[in-house]
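Here is the file work03.cif (mmCIF, C-alpha atoms).
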```cif
data_target
#
loop_
_atom_site.label_atom_id
_atom_site.label_comp_id
_atom_site.auth_asym_id
_atom_site.auth_seq_id
_atom_site.Cartn_x
_atom_site.Cartn_y
_atom_site.Cartn_z
CA MET A 28 -174.14 76.33 -30.37
CA GLN A 29 -171.58 74.75 -28.09
CA HIS A 30 -170.61 71.11 -28.11
CA ARG A 31 -171.40 69.71 -24.67
CA ILE A 32 -168.70 67.55 -23.09
CA ILE A 33 -169.38 65.96 -19.71
CA VAL A 34 -166.63 64.24 -17.74
CA LEU A 35 -167.83 61.87 -15.03
CA GLY A 36 -165.43 61.48 -12.12
CA ALA A 37 -162.50 63.66 -11.09
CA GLY A 38 -159.89 61.20 -9.97
CA TYR A 39 -156.54 61.24 -11.74
CA THR A 40 -158.03 60.29 -15.11
CA GLY A 41 -161.15 62.45 -15.13
CA ALA A 42 -159.42 65.57 -13.81
CA ILE A 43 -156.52 65.20 -16.24
CA ALA A 44 -158.87 64.61 -19.19
CA ALA A 45 -160.95 67.69 -18.33
CA GLY A 46 -157.84 69.86 -18.02
CA ARG A 47 -156.35 68.57 -21.25
CA LEU A 48 -159.59 69.21 -23.15
CA ALA A 49 -159.77 72.74 -21.74
CA ARG A 50 -156.22 73.30 -22.97
CA ARG A 51 -156.89 71.98 -26.47
CA LEU A 52 -160.37 73.35 -27.36
CA HIS A 53 -161.63 76.90 -27.77
CA ARG A 54 -163.95 77.95 -24.95
CA ALA A 55 -166.50 79.51 -27.29
CA ASP A 56 -167.05 76.17 -29.02
CA VAL A 57 -167.45 73.76 -26.10
CA ALA A 58 -169.20 73.59 -22.75
CA LEU A 59 -167.09 71.40 -20.49
CA THR A 60 -168.61 70.05 -17.27
CA LEU A 61 -166.78 67.95 -14.69
CA VAL A 62 -169.06 66.00 -12.33
CA ASN A 63 -167.67 64.74 -9.02
CA PRO A 64 -169.10 64.23 -5.52
CA GLU A 65 -165.97 65.45 -3.72
CA PRO A 66 -165.11 69.17 -3.64
CA ASP A 67 -161.39 68.55 -4.02
CA PHE A 68 -158.97 66.16 -5.63
CA VAL A 69 -158.20 62.95 -3.76
CA GLU A 70 -154.72 61.46 -4.21
CA ARG A 71 -155.83 57.87 -4.26
CA VAL A 72 -152.27 56.55 -4.34
CA ARG A 73 -151.74 58.14 -0.90
CA LEU A 74 -154.87 56.87 0.86
CA HIS A 75 -152.84 54.33 2.83
CA GLN A 76 -150.93 57.31 4.24
CA LEU A 77 -154.18 59.03 5.18
CA ALA A 78 -155.42 55.88 6.90
CA ALA A 79 -152.16 55.63 8.86
CA GLY A 80 -152.67 59.08 10.34
CA GLN A 81 -150.92 61.40 7.91
CA ASP A 82 -152.58 64.51 6.49
CA LEU A 83 -152.82 65.11 2.76
CA ARG A 84 -152.61 68.47 1.06
CA PRO A 85 -156.07 69.78 0.04
CA ARG A 86 -156.51 70.57 -3.66
CA PRO A 87 -159.95 72.21 -4.20
CA PHE A 88 -161.35 71.81 -7.71
CA ASP A 89 -162.69 75.36 -7.65
CA GLU A 90 -159.09 76.54 -7.45
CA ILE A 91 -157.68 73.95 -9.83
CA PHE A 92 -160.09 74.80 -12.64
CA ALA A 93 -160.52 78.54 -11.98
CA GLY A 94 -160.25 80.41 -15.26
CA THR A 95 -160.07 77.28 -17.42
CA GLY A 96 -163.67 77.24 -18.63
CA VAL A 97 -164.36 73.94 -16.88
CA GLU A 98 -167.57 73.96 -14.84
CA VAL A 99 -167.18 71.79 -11.75
CA ARG A 100 -170.46 70.30 -10.57
CA GLN A 101 -170.46 68.67 -7.16
CA ALA A 102 -172.88 65.82 -7.65
CA ARG A 103 -173.12 62.05 -7.56
CA VAL A 104 -173.80 60.15 -10.78
CA THR A 105 -176.80 57.85 -10.38
CA ALA A 106 -177.39 56.70 -13.97
CA VAL A 107 -176.12 56.92 -17.53
CA ASP A 108 -178.40 56.37 -20.53
CA ALA A 109 -176.04 55.97 -23.45
CA ASP A 110 -178.85 55.56 -25.98
CA ARG A 111 -180.48 58.88 -25.00
CA ARG A 112 -177.13 60.57 -24.27
CA THR A 113 -178.13 61.59 -20.77
CA VAL A 114 -176.59 61.45 -17.31
CA THR A 115 -178.63 61.58 -14.12
CA VAL A 116 -176.93 63.23 -11.16
CA ALA A 117 -177.89 63.96 -7.56
CA ASP A 118 -176.51 67.22 -6.19
CA VAL A 119 -174.65 66.54 -2.96
CA HIS A 120 -175.94 69.71 -1.31
CA GLY A 121 -179.59 69.00 -2.03
CA GLY A 122 -181.74 70.09 -4.94
CA GLY A 123 -182.76 66.61 -6.02
CA GLN A 124 -181.80 64.73 -9.15
CA HIS A 125 -181.17 66.32 -12.51
CA GLU A 126 -180.68 65.01 -16.01
CA LEU A 127 -177.82 66.37 -18.10
CA GLU A 128 -177.58 65.88 -21.86
CA TYR A 129 -174.25 65.52 -23.61
CA ASP A 130 -172.77 65.41 -27.07
CA THR A 131 -169.58 63.74 -25.85
CA LEU A 132 -169.22 61.83 -22.58
CA VAL A 133 -165.97 60.91 -20.81
CA TYR A 134 -166.67 58.11 -18.36
CA ALA A 135 -164.08 58.14 -15.57
CA LEU A 136 -165.96 56.82 -12.53
CA GLY A 137 -163.13 54.44 -11.73
CA SER A 138 -163.40 51.61 -9.24
CA GLY A 139 -164.00 50.79 -5.61
CA TRP A 140 -163.11 47.97 -3.28
CA ASP A 141 -164.07 44.39 -4.13
CA PRO A 142 -165.25 42.18 -1.23
CA GLN A 143 -165.19 39.27 -3.73
CA GLY A 144 -168.17 37.64 -2.04
CA VAL A 145 -166.17 36.55 1.00
CA PRO A 146 -168.58 36.20 3.95
CA GLY A 147 -168.28 38.94 6.56
CA THR A 148 -166.06 41.23 4.51
CA ALA A 149 -168.64 43.95 3.90
CA GLU A 150 -169.69 43.90 7.56
CA HIS A 151 -166.33 43.71 9.32
CA ALA A 152 -163.50 44.81 6.99
CA HIS A 153 -162.21 48.29 6.23
CA GLU A 154 -161.26 49.50 2.77
CA ILE A 155 -158.99 52.25 1.45
CA SER A 156 -160.19 52.62 -2.14
CA GLY A 157 -161.75 56.01 -1.31
CA ARG A 158 -161.22 58.87 1.11
CA ALA A 159 -164.28 58.04 3.24
CA GLY A 160 -163.06 54.50 3.80
CA ALA A 161 -159.51 55.65 4.57
CA LEU A 162 -160.81 58.14 7.14
CA ARG A 163 -162.93 55.48 8.84
CA LEU A 164 -159.90 53.21 9.05
CA ARG A 165 -157.80 56.10 10.36
CA GLU A 166 -160.25 56.68 13.19
CA ARG A 167 -160.40 52.97 14.02
CA LEU A 168 -156.62 52.59 14.09
CA ALA A 169 -156.25 55.67 16.28
CA GLY A 170 -158.47 54.01 18.88
CA LEU A 171 -156.43 50.82 19.12
CA GLY A 172 -154.29 50.17 22.16
CA ALA A 173 -150.77 48.77 22.11
CA GLY A 174 -150.44 45.13 21.12
CA GLN A 175 -153.77 44.84 19.32
CA PRO A 176 -153.74 42.87 16.05
CA VAL A 177 -154.27 44.45 12.64
CA VAL A 178 -154.57 42.25 9.56
CA VAL A 179 -154.23 43.45 5.97
CA VAL A 180 -155.68 41.03 3.43
CA GLY A 181 -154.15 41.16 -0.04
CA GLY A 182 -150.62 40.63 -1.32
CA GLY A 183 -150.75 43.03 -4.27
CA LEU A 184 -149.39 46.56 -4.49
CA THR A 185 -152.16 48.07 -2.35
CA GLY A 186 -151.76 45.45 0.35
CA LEU A 187 -147.99 45.83 0.53
CA GLU A 188 -148.19 49.61 0.79
CA ALA A 189 -150.99 49.57 3.38
CA VAL A 190 -149.42 47.03 5.71
CA ALA A 191 -145.99 48.70 5.61
CA GLU A 192 -147.47 52.15 6.26
CA ILE A 193 -149.52 50.94 9.23
CA ALA A 194 -146.63 48.97 10.72
CA GLU A 195 -144.23 51.91 10.40
CA SER A 196 -146.64 54.48 11.84
CA ARG A 197 -147.84 52.20 14.66
CA PRO A 198 -144.95 49.97 15.77
CA ASP A 199 -146.89 49.25 18.96
CA LEU A 200 -149.47 47.20 17.03
CA ASP A 201 -149.27 43.54 16.01
CA VAL A 202 -149.49 43.88 12.22
CA ALA A 203 -149.91 40.98 9.79
CA LEU A 204 -150.43 40.43 6.08
CA VAL A 205 -152.52 37.59 4.66
CA ALA A 206 -151.83 36.77 1.00
CA ARG A 207 -153.45 34.26 -1.34
CA GLY A 208 -150.08 33.52 -2.94
CA GLY A 209 -146.48 34.00 -1.94
CA LEU A 210 -145.28 37.39 -0.70
CA GLY A 211 -144.33 39.42 -3.76
CA ASP A 212 -144.40 36.33 -5.92
CA TRP A 213 -144.68 38.45 -9.08
CA LEU A 214 -141.54 40.45 -8.24
CA SER A 215 -137.94 39.80 -9.23
CA ASP A 216 -135.69 37.96 -6.79
CA LYS A 217 -134.15 41.28 -5.73
CA GLY A 218 -137.54 42.93 -5.27
CA ARG A 219 -139.00 40.03 -3.30
CA ALA A 220 -135.95 39.84 -1.04
CA HIS A 221 -136.23 43.55 -0.30
CA VAL A 222 -139.89 43.26 0.67
CA TRP A 223 -139.05 40.44 3.08
CA LYS A 224 -136.20 42.50 4.53
CA VAL A 225 -138.40 45.56 5.13
CA PHE A 226 -141.25 43.51 6.55
CA GLY A 227 -138.84 41.82 8.95
CA ARG A 228 -137.54 45.19 10.10
CA LEU A 229 -141.10 46.46 10.63
CA GLY A 230 -142.15 43.33 12.51
CA ILE A 231 -144.88 42.33 10.03
CA THR A 232 -146.10 38.74 10.26
CA VAL A 233 -146.77 37.21 6.84
CA HIS A 234 -149.30 34.45 6.14
CA GLU A 235 -148.56 33.18 2.63
CA HIS A 236 -150.69 30.89 0.45
CA ALA A 237 -153.67 31.57 2.71
CA PRO A 238 -156.90 32.27 0.80
CA VAL A 239 -159.39 34.01 3.10
CA THR A 240 -162.67 32.15 3.58
CA ALA A 241 -164.41 34.54 5.98
CA VAL A 242 -163.96 37.74 7.97
CA GLU A 243 -165.35 38.01 11.48
CA ALA A 244 -165.40 40.88 13.96
CA ASP A 245 -162.25 39.72 15.72
CA ARG A 246 -160.46 37.43 13.28
CA VAL A 247 -159.76 36.47 9.68
CA LEU A 248 -160.34 32.85 8.67
CA THR A 249 -158.21 31.25 5.99
CA ASP A 250 -158.46 27.76 4.59
CA SER A 251 -156.02 26.57 7.25
CA ALA A 252 -155.87 29.07 10.13
CA SER A 253 -157.61 31.66 12.28
CA VAL A 254 -155.75 34.99 12.42
CA PRO A 255 -156.71 37.39 15.25
CA ALA A 256 -157.77 40.83 14.02
CA ALA A 257 -159.06 43.78 15.99
CA VAL A 258 -159.06 45.55 12.60
CA THR A 259 -159.15 43.95 9.17
CA VAL A 260 -158.11 45.92 6.07
CA TRP A 261 -159.34 44.50 2.77
CA ALA A 262 -156.94 45.22 -0.10
CA THR A 263 -157.44 42.39 -2.57
CA GLY A 264 -158.22 44.39 -5.70
CA PHE A 265 -160.83 46.67 -7.21
CA ALA A 266 -164.29 46.41 -8.76
CA VAL A 267 -165.62 48.92 -11.28
CA HIS A 268 -168.65 51.08 -10.61
CA PRO A 269 -171.83 49.19 -11.64
CA ILE A 270 -173.35 52.16 -13.50
CA ALA A 271 -171.59 51.31 -16.77
CA GLU A 272 -173.10 47.84 -16.92
CA ALA A 273 -176.60 49.34 -16.63
CA SER A 274 -175.99 52.05 -19.22
CA ALA A 275 -176.45 50.17 -22.54
CA LEU A 276 -172.73 50.49 -23.21
CA GLU A 277 -170.92 47.34 -24.28
CA VAL A 278 -169.03 46.00 -21.28
CA ALA A 279 -166.92 42.96 -20.48
CA ASP A 280 -164.54 41.68 -17.82
CA ARG A 281 -166.51 42.57 -14.67
CA GLY A 282 -168.34 45.55 -16.14
CA ARG A 283 -165.46 47.45 -17.76
CA ILE A 284 -166.40 49.44 -20.87
CA VAL A 285 -164.99 48.01 -24.11
CA VAL A 286 -163.08 50.71 -26.03
CA ASP A 287 -160.90 51.04 -29.11
CA ARG A 288 -157.33 52.36 -29.26
CA THR A 289 -158.58 55.95 -28.81
CA MET A 290 -160.61 55.05 -25.69
CA ARG A 291 -163.87 55.34 -27.66
CA SER A 292 -166.72 52.99 -26.78
CA VAL A 293 -167.15 50.32 -29.43
CA SER A 294 -170.93 50.48 -29.04
CA HIS A 295 -171.52 54.23 -28.54
CA PRO A 296 -168.98 56.41 -30.40
CA GLU A 297 -169.91 59.58 -28.50
CA VAL A 298 -168.72 57.93 -25.23
CA TYR A 299 -165.09 57.59 -24.15
CA ALA A 300 -164.04 55.51 -21.14
CA ILE A 301 -160.77 55.94 -19.27
CA GLY A 302 -158.97 54.60 -16.23
CA ASP A 303 -160.18 51.60 -14.25
CA ALA A 304 -163.61 51.77 -15.92
CA ALA A 305 -162.21 50.98 -19.38
CA LEU A 306 -161.17 47.63 -20.81
CA VAL A 307 -158.09 48.78 -22.71
CA ALA A 308 -155.85 46.55 -24.80
CA GLY A 309 -152.18 47.16 -24.06
CA PRO A 310 -149.04 45.58 -25.54
CA GLY A 311 -149.72 42.11 -26.87
CA ASP A 312 -153.47 42.90 -26.61
CA LYS A 313 -153.34 42.18 -22.89
CA PRO A 314 -155.83 44.23 -20.84
CA LEU A 315 -154.20 47.02 -18.87
CA ARG A 316 -154.34 46.53 -15.12
CA MET A 317 -156.33 48.87 -12.92
CA SER A 318 -153.82 51.46 -11.74
CA CYS A 319 -152.81 55.11 -11.95
CA ALA A 320 -149.98 54.03 -14.26
CA SER A 321 -152.56 52.72 -16.74
CA GLY A 322 -155.21 55.37 -16.18
CA VAL A 323 -153.28 58.59 -16.83
CA PRO A 324 -152.18 57.59 -20.38
CA THR A 325 -155.77 56.62 -21.21
CA ALA A 326 -156.89 60.11 -20.12
CA TRP A 327 -154.30 61.68 -22.43
CA GLN A 328 -155.36 59.40 -25.26
CA ALA A 329 -159.09 60.11 -24.90
CA ALA A 330 -158.72 63.88 -24.54
CA ASP A 331 -156.45 64.11 -27.57
CA ALA A 332 -158.79 61.93 -29.64
CA ILE A 333 -161.84 64.01 -28.70
CA ALA A 334 -160.04 67.26 -29.47
CA ALA A 335 -158.79 65.90 -32.79
CA ARG A 336 -162.18 64.67 -33.94
CA LEU A 337 -163.92 67.89 -32.95
CA THR A 338 -161.34 70.01 -34.77
CA GLY A 339 -161.12 67.90 -37.91
CA ALA A 340 -157.72 66.36 -37.20
CA GLU A 341 -156.60 62.74 -37.20
CA PRO A 342 -156.88 61.16 -33.70
CA PRO A 343 -153.49 60.06 -32.39
CA LYS A 344 -153.05 56.43 -31.40
CA VAL A 345 -150.03 56.39 -29.14
CA PRO A 346 -149.27 52.90 -27.75
CA ILE A 347 -149.66 52.59 -24.00
CA ARG A 348 -146.92 50.63 -22.28
CA TYR A 349 -145.46 50.02 -18.82
CA PHE A 350 -142.02 50.83 -17.48
CA GLN A 351 -142.10 50.03 -13.75
CA GLN A 352 -144.22 49.23 -10.72
CA CYS A 353 -143.68 51.69 -7.88
CA VAL A 354 -144.23 50.50 -4.31
CA SER A 355 -143.88 52.56 -1.14
CA LEU A 356 -142.91 50.55 1.94
CA GLY A 357 -143.48 53.23 4.54
CA ARG A 358 -141.93 56.70 4.32
CA LYS A 359 -138.29 55.59 4.28
CA GLU A 360 -138.28 52.51 2.06
CA GLY A 361 -139.52 51.73 -1.42
CA LEU A 362 -139.31 49.37 -4.35
CA ILE A 363 -139.23 50.20 -8.04
CA GLN A 364 -139.73 46.99 -9.97
CA PHE A 365 -138.84 47.48 -13.62
CA VAL A 366 -141.06 45.64 -16.10
CA THR A 367 -141.48 44.99 -19.81
CA ALA A 368 -143.92 46.94 -21.99
CA ASP A 369 -146.62 44.36 -21.19
CA ASP A 370 -145.92 44.48 -17.43
CA GLN A 371 -143.77 41.38 -17.09
CA THR A 372 -141.15 41.51 -14.34
CA LEU A 373 -137.53 42.19 -15.23
CA PRO A 374 -134.59 41.20 -13.00
CA LYS A 375 -133.72 44.86 -12.40
CA ALA A 376 -135.17 46.64 -9.35
CA LEU A 377 -134.40 49.78 -7.37
CA THR A 378 -134.71 49.51 -3.58
CA GLY A 379 -134.27 51.44 -0.35
CA ARG A 380 -134.42 55.18 0.27
CA LEU A 381 -133.67 56.04 -3.34
CA ALA A 382 -136.69 53.99 -4.41
CA ALA A 383 -138.82 55.78 -1.82
CA LEU A 384 -137.71 59.12 -3.26
CA TYR A 385 -138.39 57.88 -6.80
CA LYS A 386 -141.94 56.87 -5.82
CA GLU A 387 -142.50 60.21 -4.07
CA ILE A 388 -141.47 62.08 -7.22
CA ILE A 389 -143.90 59.99 -9.28
CA CYS A 390 -146.76 60.73 -6.85
CA LYS A 391 -146.00 64.45 -6.70
CA GLY A 392 -145.75 64.62 -10.47
CA ALA A 393 -149.16 63.01 -10.95
CA ALA A 394 -150.77 65.39 -8.44
CA TRP A 395 -149.02 68.38 -10.02
CA GLY A 396 -150.43 67.40 -13.41
CA VAL A 397 -153.96 67.45 -11.99
CA ALA A 398 -153.44 70.72 -10.10
CA HIS A 399 -152.10 72.57 -13.17
CA PRO A 400 -154.58 71.66 -15.93
CA THR A 401 -153.54 74.39 -18.37
CA VAL A 402 -149.80 73.77 -18.09
CA GLY A 403 -148.06 70.93 -19.86
CA SER A 404 -146.00 69.73 -22.75
CA MET A 405 -148.89 69.84 -25.20
CA PRO A 406 -149.54 73.02 -27.21
CA ALA A 407 -151.58 75.54 -25.23
CA ARG A 408 -153.25 76.98 -28.36
CA ARG A 409 -156.95 76.20 -28.25
CA ARG A 410 -158.32 75.04 -31.58
CA ARG A 411 -161.74 75.81 -33.05
CA THR A 412 -164.16 72.98 -33.64
CA VAL A 413 -165.56 72.10 -37.05
CA PRO A 414 -169.17 71.17 -37.94
CA GLN A 415 -170.04 67.71 -36.70
CA PRO A 416 -171.90 65.00 -38.68
CA ALA A 417 -175.64 65.39 -39.14
CA GLY A 418 -177.67 64.06 -36.27
CA THR A 419 -175.37 65.29 -33.52
CA VAL A 420 -177.48 66.61 -30.66
CA ARG A 421 -176.70 70.18 -29.66
CA GLY A 422 -177.38 72.11 -26.51
CA ASP A 423 -178.87 75.54 -26.00
CA GLY A 424 -176.94 78.79 -26.27
CA ALA A 425 -175.47 78.23 -22.80
CA GLY A 426 -173.98 74.97 -24.01
CA ARG A 427 -175.95 72.70 -21.69
CA THR A 428 -179.40 71.18 -21.51
CA GLU A 429 -180.73 70.21 -18.13
CA ARG A 430 -184.05 69.09 -16.73
CA THR A 431 -185.20 67.46 -13.53
CA ALA A 432 -185.48 63.70 -13.55
CA GLU A 433 -189.08 63.95 -12.35
CA THR A 434 -190.13 65.85 -15.49
CA ALA A 435 -187.91 64.01 -17.97
CA ALA A 436 -189.67 62.20 -20.75
#
```
Please re-express this file's structure in structure tokens.
Amino acid sequence: MQHRIIVLGAGYTGAIAAGRLARRLHRADVALTLVNPEPDFVERVRLHQLAAGQDLRPRPFDEIFAGTGVEVRQARVTAVDADRRTVTVADVHGGGQHELEYDTLVYALGSGWDPQGVPGTAEHAHEISGRAGALRLRERLAGLGAGQPVVVVGGGLTGLEAVAEIAESRPDLDVALVARGGLGDWLSDKGRAHVWKVFGRLGITVHEHAPVTAVEADRVLTDSASVPAAVTVWATGFAVHPIAEASALEVADRGRIVVDRTMRSVSHPEVYAIGDAALVAGPGDKPLRMSCASGVPTAWQAADAIAARLTGAEPPKVPIRYFQQCVSLGRKEGLIQFVTADDQTLPKALTGRLAALYKEIICKGAAWGVAHPTVGSMPARRRRTVPQPAGTVRGDGAGRTERTAETAA
């Protein structure tokens, strides 16, 4: 009988993990299911471009995983029961809720926007953590007349990219950034100076050291000022999906799943967590930050560990480290801030058009890796699995057990 592997979420990490598993394991031995509500891959690192009016290339999962043995199920995850090894999903095209059983689960549901409890944010602010939010913001920006104010809240990577993209694409708008700290205060002197230079060229007003206390329909309130805003974009960070915290898995740090060096849950060894959903120790045992740069290596690590354990090999434990932070500042400018292994800023930075090209290559490379799941540097030879320890739950001959939630015990 087949070993049932379910991957939840098909962002960068989930899609890459599913493809890597399909490349490493023999199809006759495993049933691999990828669950995702969207029919195609969303390049999350480009959602600020989508919001600013640019179109992104469609990448349908049916085409990406055709012939790989990966079953793509378009559904929304509503619950995970780690003790019973079940996942409850709601099919997006109707058909009600269903319960799927697994032998191995890869949890890659990622994160969404974080209103941080600031009054009025959920009611009045826009977010770009997902495609739906980016499209709503796109429509709202398209309806603005010349001279209307747009405020981006958040001085991190997402905020810098969003405000620069909007200002470049709509020079007729009055665009501002509100940051809790100083503009680019984590960057090197060279990097920070370049951000100021680009923002000055784009006409972006910067409000530094201005924690936001409330968001209203037509303004953003800080602890010392009122900033006019026909549109407010909230880009202050991410919050993980709450399903993990309700799943019986051990979580910490705002609901992130605690894992070991192979991305395996410390409380439920048949569960692996990757990407933003996982609390992963990086260099110096510092938690990795939520980002594509952190998530993709965790997907590699988890897929390789699962394949190794199922085939009787020793799981690899490759250290995850950082090299740079890549920031787009519109389509013509960029910043590559080089960092230490544990993400501390180095004096060296790449700026200007060359940095923009560098960032574009990184983005295209990540998307290419998702779109070509059976191509890569790892061996393409699929290995056979070995008998698993007694007590491992198996599926039926089709490799999957399913029942409706209404009839589940």
Resolved residues for the PyMOL selection byres ((chain A and resi 321) around 10) as a list of chain:residue names: A:Thr40, A:Ile301, A:Gly302, A:Asp303, A:Val307, A:Gly309, A:Pro314, A:Leu315, A:Arg316, A:Met317, A:Ser318, A:Cys319, A:Ala320, A:Gly322, A:Val323, A:Pro324, A:Thr325, A:Ala326, A:Ile347, A:Arg348, A:Tyr349
Given the PyMOL selection byres ((chain A and resi 152) around 8) and the file above, list the residues it selects as a ChimeraX atom specification. /A:147-151,153-154,242,258-261
For Asp250 in chain A, find every residue with an atom within 7 Å (counting all atoms listed in the file), except residues of its own chain fewer than 4 positions away, and show them as a PyMOL selection string. chain A and resi 237-240
Taking into account all atoms listed in the file, which residue in the set A:Pro342, A:Pro269, A:Gly41, A:Pro255 is nearest to Thr289 in chain A? A:Pro342
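Across the structure, CA of Arg71 in chain A and CA of Asp118 in chain A are spaced 22.8 Å apart.
Here the PyMOL selection byres ((chain A and resi 59) around 8) matches the residues A:Arg31, A:Ile32, A:Ile33, A:Val34, A:Ala45, A:Ala49, A:Val57, A:Ala58, A:Thr60, A:Leu61, A:Gly96, A:Val97, A:Glu98.
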Extract, using all atoms listed in the file, all DNA, RNA and protein residues at most 10 Å from Arg207 in chain A, discarding same-chain residues fewer than 2 positions from it, and format them as a ChimeraX atom specification. /A:180-183,205,209-210,234-239,249,263
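Note that the spacing between CA of Lys217 in chain A and CA of Thr367 in chain A amounts to 16.3 Å.
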What separation in Å, quoted to one decimal, exists between CA of Glu90 in chain A and CA of Met290 in chain A? 28.2 Å
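The smallest atom-to-atom distance between Ala304 in chain A and any of A:Trp395, A:Phe68, A:Trp327, A:Tyr134, using all atoms listed in the file, is found for A:Tyr134.
Remark: for Ser292 in chain A, the closest of the candidate residues A:Ala55, A:Val267, A:Val133, A:Leu373 is A:Val133 (distances computed over all atoms listed in the file).
Near Pro343 in chain A, within 12 Å and counting only C-alpha atoms, sit Arg288, Thr289, Met290, Thr325, Trp327, Gln328, Ala329, Ala330, Asp331, Ala332, Ile333, Ala334, Ala335 and Arg336 of chain A, not including residues fewer than 6 positions from it in the same chain.
Residue nearest Tyr39 in chain A, chosen from A:Thr338, A:Ile363, A:Ala256, A:Ala393 and counting only C-alpha atoms: A:Ala393.
Close contacts of Glu297 in chain A, defined as residues with an atom at most 7 Å away when counting only C-alpha atoms, with chain neighbours fewer than 3 positions off set aside, comprise A:Asp130, A:Thr131, A:Leu132.
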Which residues, written as a CSV table (one decimal) with C-alpha atoms, keeping the file's coordinate frame, have at least one atom at most 12 Å from Pro414 in chain A, with all atoms listed in the file counted and residues fewer than 6 positions away on the same chain left out?
```csv
chain,number,residue,atom,x,y,z
A,28,MET,CA,-174.1,76.3,-30.4
A,29,GLN,CA,-171.6,74.8,-28.1
A,30,HIS,CA,-170.6,71.1,-28.1
A,56,ASP,CA,-167.0,76.2,-29.0
A,336,ARG,CA,-162.2,64.7,-33.9
A,337,LEU,CA,-163.9,67.9,-33.0
A,338,THR,CA,-161.3,70.0,-34.8
A,339,GLY,CA,-161.1,67.9,-37.9
A,420,VAL,CA,-177.5,66.6,-30.7
A,421,ARG,CA,-176.7,70.2,-29.7
```
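Using only C-alpha atoms, the shortest contact distance between Pro87 in chain A and any of A:Val397, A:Lys359, A:Gly208, A:Lys224 is found at A:Val397.
Among the candidates A:Val413, A:Ala244, A:Cys353, A:Ala106, the residue lying nearest to Ala273 in chain A is A:Ala106 (atoms considered: only C-alpha atoms).
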